[in-house]
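Containing compact mmCIF, C-alpha atoms and all ligand atoms: target36.txt.
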# COMPACT_ATOMS: atom_id res chain seq x y z
CA MET A 7 54.09 90.14 206.37
CA THR A 8 50.37 90.77 207.02
CA ASP A 9 49.49 92.02 210.50
CA THR A 10 47.42 89.36 212.30
CA ARG A 11 44.73 92.02 212.88
CA GLU A 12 44.20 92.27 209.13
CA LYS A 13 44.35 88.54 208.44
CA THR A 14 41.08 86.75 207.82
CA ILE A 15 39.73 84.37 210.44
CA ARG A 16 40.16 81.61 207.86
CA GLU A 17 43.87 82.40 207.44
CA ILE A 18 44.44 82.42 211.19
CA ALA A 19 42.49 79.16 211.72
CA ILE A 20 44.56 77.43 209.01
CA GLU A 21 47.93 78.73 210.22
CA ASN A 22 47.13 78.09 213.87
CA PRO A 23 44.51 75.31 214.19
CA SER A 24 44.41 75.75 217.99
CA SER A 25 42.93 79.23 217.47
CA VAL A 26 39.52 77.68 216.73
CA ARG A 27 39.20 76.87 220.44
CA VAL A 28 39.62 80.57 221.24
CA PHE A 29 37.16 81.62 218.53
CA GLU A 30 34.59 79.09 219.74
CA THR A 31 34.87 80.21 223.36
CA LEU A 32 34.54 83.90 222.49
CA GLY A 33 31.65 83.43 220.06
CA ILE A 34 33.75 84.52 217.03
CA ASP A 35 32.31 82.96 213.88
CA TYR A 36 35.22 81.08 212.28
CA CYS A 37 33.24 78.84 209.90
CA CYS A 38 30.62 80.71 207.81
CA GLY A 39 32.25 84.03 208.76
CA GLY A 40 35.82 82.94 207.96
CA LYS A 41 36.32 85.65 205.32
CA ARG A 42 36.14 88.49 207.85
CA THR A 43 39.35 90.02 209.19
CA LEU A 44 40.13 89.37 212.84
CA ASN A 45 39.55 93.05 213.50
CA ASP A 46 36.05 92.99 211.95
CA ALA A 47 35.17 89.69 213.63
CA CYS A 48 36.16 91.09 217.06
CA ILE A 49 33.97 94.16 216.55
CA ARG A 50 31.08 91.91 215.50
CA ALA A 51 31.51 89.60 218.51
CA ASN A 52 32.05 92.59 220.81
CA VAL A 53 35.39 91.35 222.15
CA GLN A 54 38.70 93.17 222.63
CA LEU A 55 41.07 92.67 219.71
CA GLU A 56 44.24 92.83 221.83
CA SER A 57 43.06 90.14 224.25
CA VAL A 58 42.05 87.89 221.33
CA LEU A 59 45.49 88.35 219.74
CA ASP A 60 47.06 87.33 223.02
CA LEU A 61 44.84 84.25 223.43
CA VAL A 62 45.41 83.18 219.81
CA ALA A 63 49.20 83.48 220.24
CA LYS A 64 49.07 81.42 223.45
CA ALA A 65 46.78 78.82 221.83
CA GLY A 66 49.44 78.32 219.14
CA GLN A 67 51.75 76.90 221.79
CA HIS A 68 49.35 74.03 222.52
CA GLN A 69 47.97 71.04 220.67
CA PRO A 70 45.18 71.83 218.19
CA ALA A 71 41.57 71.21 219.25
CA GLU A 72 40.51 67.68 218.40
CA GLY A 73 39.86 67.40 214.67
CA ALA A 74 41.32 70.82 213.89
CA GLY A 75 44.65 69.50 212.70
CA VAL A 76 46.70 70.86 209.84
CA TRP A 77 44.45 69.93 206.94
CA ASN A 78 45.76 72.40 204.45
CA GLU A 79 48.48 69.97 203.34
CA ALA A 80 46.52 66.70 203.50
CA ARG A 81 45.09 65.00 200.44
CA LEU A 82 41.54 66.18 199.82
CA SER A 83 40.26 62.59 199.81
CA VAL A 84 41.81 62.08 203.28
CA LEU A 85 40.10 65.25 204.46
CA THR A 86 36.69 64.19 203.08
CA ASP A 87 37.06 60.76 204.74
CA HIS A 88 37.86 62.53 208.00
CA ILE A 89 34.82 64.84 207.64
CA VAL A 90 32.51 61.87 207.08
CA LYS A 91 33.92 59.74 209.90
CA ALA A 92 34.38 62.49 212.48
CA HIS A 93 31.51 64.87 211.72
CA HIS A 94 28.80 63.29 209.54
CA ASP A 95 28.81 60.15 211.67
CA TYR A 96 28.68 62.34 214.79
CA VAL A 97 25.54 64.15 213.50
CA ARG A 98 23.89 60.80 212.69
CA ARG A 99 24.80 59.40 216.12
CA GLU A 100 23.90 62.43 218.24
CA THR A 101 20.65 63.51 216.55
CA PRO A 102 18.46 60.68 217.94
CA ARG A 103 20.02 61.06 221.41
CA ILE A 104 19.37 64.82 221.53
CA THR A 105 15.87 64.37 220.08
CA ALA A 106 15.05 61.90 222.86
CA LEU A 107 16.36 64.34 225.49
CA LEU A 108 14.23 67.12 223.98
CA VAL A 109 11.11 64.94 224.19
CA THR A 110 11.81 64.16 227.86
CA VAL A 111 12.57 67.77 228.80
CA ILE A 112 9.46 69.08 226.97
CA GLY A 113 7.35 66.46 228.80
CA ARG A 114 8.65 67.58 232.19
CA HIS A 115 9.37 71.29 231.74
CA GLY A 116 7.67 72.33 228.47
CA ASN A 117 5.01 74.45 230.18
CA ALA A 118 7.43 76.29 232.47
CA ARG A 119 10.12 76.70 229.76
CA PRO A 120 8.33 77.41 226.46
CA GLU A 121 11.66 78.12 224.72
CA ILE A 122 12.39 74.36 224.79
CA ARG A 123 9.57 73.74 222.29
CA GLN A 124 11.06 76.40 220.00
CA ILE A 125 14.50 74.81 220.35
CA GLU A 126 13.00 71.43 219.50
CA GLU A 127 11.44 72.85 216.29
CA LEU A 128 14.74 74.48 215.31
CA PHE A 129 16.75 71.32 216.07
CA THR A 130 14.34 69.19 214.01
CA ALA A 131 14.66 71.61 211.06
CA LEU A 132 18.45 71.65 211.44
CA SER A 133 18.85 67.89 211.61
CA GLN A 134 16.54 67.33 208.62
CA GLU A 135 18.53 69.84 206.57
CA LEU A 136 21.82 68.30 207.67
CA PHE A 137 20.81 64.74 206.75
CA THR A 138 19.94 65.78 203.18
CA HIS A 139 23.00 68.00 202.94
CA MET A 140 25.42 65.29 204.09
CA LEU A 141 24.00 62.82 201.55
CA LYS A 142 24.62 65.34 198.74
CA GLU A 143 28.21 65.76 199.92
CA GLU A 144 28.82 62.02 200.27
CA GLN A 145 27.12 60.94 197.05
CA VAL A 146 28.00 63.77 194.66
CA LEU A 147 30.48 66.39 195.80
CA PHE A 148 33.06 64.39 197.76
CA PRO A 149 33.40 61.59 195.14
CA TYR A 150 33.84 64.25 192.43
CA ILE A 151 36.54 66.01 194.48
CA ALA A 152 38.34 62.64 194.96
CA LYS A 153 38.17 61.96 191.20
CA MET A 154 39.44 65.44 190.41
CA GLU A 155 42.33 65.06 192.87
CA SER A 156 43.27 61.70 191.43
CA ALA A 157 43.40 63.23 187.91
CA PHE A 158 45.44 66.13 189.30
CA LEU A 159 47.98 63.83 190.97
CA ASP A 160 48.28 61.69 187.80
CA GLY A 161 48.75 64.80 185.65
CA GLN A 162 45.60 63.92 183.71
CA SER A 163 42.78 66.20 182.60
CA LEU A 164 39.16 65.49 183.49
CA LEU A 165 35.88 66.03 181.69
CA PRO A 166 33.56 68.34 183.58
CA ALA A 167 30.87 66.70 185.73
CA PHE A 168 27.15 66.91 184.89
CA PHE A 169 26.90 70.00 187.11
CA GLY A 170 29.67 71.84 185.23
CA SER A 171 32.09 73.61 187.54
CA VAL A 172 32.62 72.38 191.11
CA THR A 173 31.79 75.93 192.17
CA LYS A 174 28.08 75.17 191.56
CA PRO A 175 27.54 72.38 194.14
CA ILE A 176 29.92 74.23 196.47
CA ALA A 177 27.74 77.37 196.26
CA ASN A 178 24.73 75.23 197.24
CA MET A 179 26.64 73.71 200.17
CA LEU A 180 27.75 77.17 201.35
CA ALA A 181 24.14 78.38 201.29
CA ASP A 182 23.09 75.31 203.33
CA HIS A 183 25.88 76.06 205.83
CA ASP A 184 24.62 79.64 206.21
CA ASP A 185 21.09 78.33 206.85
CA ALA A 186 22.41 75.85 209.43
CA GLY A 187 24.44 78.63 211.07
CA ALA A 188 21.31 80.79 211.39
CA LEU A 189 19.38 77.93 213.06
CA LEU A 190 22.28 77.30 215.46
CA SER A 191 22.48 81.00 216.37
CA ARG A 192 18.76 81.09 217.14
CA MET A 193 19.04 78.00 219.40
CA HIS A 194 22.08 79.55 221.09
CA GLU A 195 20.09 82.74 221.82
CA LEU A 196 16.97 80.94 223.06
CA SER A 197 19.01 78.78 225.43
CA ASN A 198 21.04 81.75 226.72
CA GLY A 199 24.25 80.18 225.37
CA TYR A 200 23.20 76.71 226.61
CA GLU A 201 23.21 77.86 230.20
CA PRO A 202 20.73 75.65 232.10
CA PRO A 203 18.41 77.54 234.48
CA ALA A 204 19.38 77.36 238.16
CA GLY A 205 18.23 74.12 239.79
CA SER A 206 17.74 72.30 236.45
CA CYS A 207 17.37 68.55 236.52
CA PRO A 208 20.19 66.34 235.13
CA THR A 209 18.23 65.65 231.92
CA PHE A 210 17.89 69.38 231.23
CA ARG A 211 21.63 69.80 231.80
CA ALA A 212 22.44 66.82 229.59
CA LEU A 213 20.28 68.33 226.83
CA TYR A 214 22.02 71.71 226.89
CA GLN A 215 25.44 70.07 227.10
CA GLY A 216 24.55 67.87 224.11
CA LEU A 217 23.32 70.87 222.10
CA GLN A 218 26.42 72.87 222.94
CA GLU A 219 28.69 70.04 221.80
CA PHE A 220 26.58 69.67 218.65
CA GLU A 221 27.09 73.38 217.94
CA ARG A 222 30.87 73.14 218.51
CA ASP A 223 31.16 70.11 216.28
CA LEU A 224 29.16 71.74 213.49
CA HIS A 225 31.32 74.88 213.63
CA LEU A 226 34.45 72.78 213.20
CA HIS A 227 32.82 70.68 210.48
CA VAL A 228 31.78 73.77 208.48
CA HIS A 229 35.21 75.35 208.97
CA LEU A 230 36.92 72.30 207.44
CA GLU A 231 34.58 72.43 204.44
CA ASN A 232 34.20 76.17 203.81
CA ASN A 233 37.70 77.32 204.63
CA ILE A 234 39.84 74.37 203.55
CA LEU A 235 38.15 71.69 201.43
CA PHE A 236 36.04 73.91 199.18
CA THR A 237 38.70 76.57 198.69
CA ARG A 238 41.32 73.97 197.74
CA ALA A 239 38.90 72.08 195.45
CA ILE A 240 38.06 75.26 193.52
CA GLU A 241 41.79 76.03 193.10
CA MET A 242 42.53 72.46 191.99
CA GLU A 243 39.77 72.45 189.40
CA THR A 244 41.50 75.14 187.37
CA SER A 245 44.52 72.79 186.94
CA VAL A 246 42.53 69.70 185.99
CA ILE A 247 39.79 70.96 183.71
CA GLU A 248 40.37 73.15 180.69
CA PRO A 249 38.71 76.52 181.47
CA ALA A 250 36.85 76.35 178.12
CA CYS A 251 35.21 73.08 179.24
CA VAL A 252 33.82 74.46 182.48
CA ALA A 253 30.23 75.59 182.03
CA VAL A 254 29.75 78.92 183.78
FE FE B 1 29.79 67.93 205.73
FE FE B 2 28.62 70.68 204.53

How does the structure come out when it is put into structure tokens?
Amino acid sequence: MTDTREKTIREIAIENPSSVRVFETLGIDYCCGGKRTLNDACIRANVQLESVLDLVAKAGQHQPAEGAGVWNEARLSVLTDHIVKAHHDYVRRETPRITALLVTVIGRHGNARPEIRQIEELFTALSQELFTHMLKEEQVLFPYIAKMESAFLDGQSLLPAFFGSVTKPIANMLADHDDAGALLSRMHELSNGYEPPAGSCPTFRALYQGLQEFERDLHLHVHLENNILFTRAIEMETSVIEPACVAV
């Protein structure tokens, strides 16, 4: 049996969905950085491995964080429906609310807190990228994965899609996730981990709380795609499409 220290973050998050709460709290990257071992991830996040092991073991005794259920066994089409309803809809709902808060906070505190203008630019870039990215997933990648799964369950084979192997759109989505992760990290740094300055007004606090929740939600969203959906779709493709038919 592999020592938990040497397991990847992805493996731990799948086996113990409640561990994502611990990773989120400690600033351990469990979505784009899911391939790192726990040991490496702890060094990178500058946290003590033994205390993380303890927290992860304790987290396993509780209910998973909302949305971080056991998706490794679910049908892929059920998982994609969940991603759209829980996470894509959340981004579409929260973006205008956070944008309005940014406008208000810049109007009142923009001169005293110049970092808010930088955060606004980063959030605008992030939301624009996300809107295009989600459309690509909903219109191309997710329907293809559903079709592939249906062929797999019926024991049928499937002709390759216009893009060839599913690994191609997935590689594009992974690159987008890395870009989004970099924008989130920069906002996190500029806002000092979304810690409002002492004496901040309620709107300022609401803005940072909204951005922090947005970050948490996006981490979970990317974890479900990178570590579960995409990995399982790539594995499934080898059973449904003749290797000779897959354009490399
Ligand atoms: Fe998505
Ligand atoms: Fe995505």

Smallest atom-to-atom distance to ligand FE 1 (chain B): which of A:Lys174, A:His93, A:Arg211, A:Arg114, using only C-alpha atoms and all ligand atoms?
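The closest residue to ligand FE 1 (chain B) is A:His93.
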
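For the pair CA of Val111 (chain A) and CA of Asn198 (chain A), the separation is 16.5 Å.
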
Could you list, as a tab-separated table (two decimals) with C-alpha atoms, in the coordinates of the input, all the residues within 9 Å of ligand FE 1 (chain B), counting all atoms listed in the file?
chain	number	residue	atom	x	y	z
A	86	THR	CA	36.69	64.19	203.08
A	89	ILE	CA	34.82	64.84	207.64
A	90	VAL	CA	32.51	61.87	207.08
A	93	HIS	CA	31.51	64.87	211.72
A	94	HIS	CA	28.80	63.29	209.54
A	136	LEU	CA	21.82	68.30	207.67
A	139	HIS	CA	23.00	68.00	202.94
A	140	MET	CA	25.42	65.29	204.09
A	141	LEU	CA	24.00	62.82	201.55
A	143	GLU	CA	28.21	65.76	199.92
A	144	GLU	CA	28.82	62.02	200.27
A	179	MET	CA	26.64	73.71	200.17
A	224	LEU	CA	29.16	71.74	213.49
A	227	HIS	CA	32.82	70.68	210.48
A	228	VAL	CA	31.78	73.77	208.48
A	230	LEU	CA	36.92	72.30	207.44
A	231	GLU	CA	34.58	72.43	204.44

**OP:** Considering all atoms listed in the file, return as number ranges by chain whatever protein or nucleic-acid residues lie within 9 Å of region 105-107 of chain A, sequence-local ones (same chain, fewer than 4 positions apart) excluded.
**Re:** A: 100-101, 111-112, 126, 129-130, 209-210, 212-213

Between A:Arg192, A:Arg119, A:Lys142, A:Lys153, which has the minimum distance to ligand FE 2 (chain B) (counting all atoms listed in the file)?
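Smallest separation from ligand FE 2 (chain B) among the options: A:Lys142.
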
Please report, as lines of an AutoDock Vina configuration file, the centre and edge lengths in Å to one decimal of an axis-aligned box covering all listed atoms of region 177-194 of chain A with 4 Å per side.
center_x = 23.3
center_y = 77.4
center_z = 208.7
size_x = 17.0
size_y = 15.4
size_z = 32.8

Spatial neighbours of Asp184 (chain A), max dist 12 Å, only C-alpha atoms, sep filter under 3 positions, as a count of residues only: 23

Q.
Please report the interatomic distance between CA of Lys91 (chain A) and CA of Arg222 (chain A) in Å with one decimal.
A.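 Going from CA of Lys91 (chain A) over to CA of Arg222 (chain A) covers 16.2 Å.
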
Note to self: Applying 12 Å and all atoms listed in the file, which residues near Gln67 (chain A) remain after dropping the ones on its own chain fewer than 6 positions away? List them as a ChimeraX atom specification.
What the structure shows: /A:22-25,60-61

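Around Leu147 (chain A), within 8 Å and counting only C-alpha atoms, the residues found are Val172, Pro175 and Ile176 of chain A, once anything fewer than 6 positions away on its own chain is removed.
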
Of A:Arg81, A:Arg238, A:Lys41, A:Arg99, the one sitting nearest Glu17 (chain A) when using all atoms listed in the file is A:Lys41
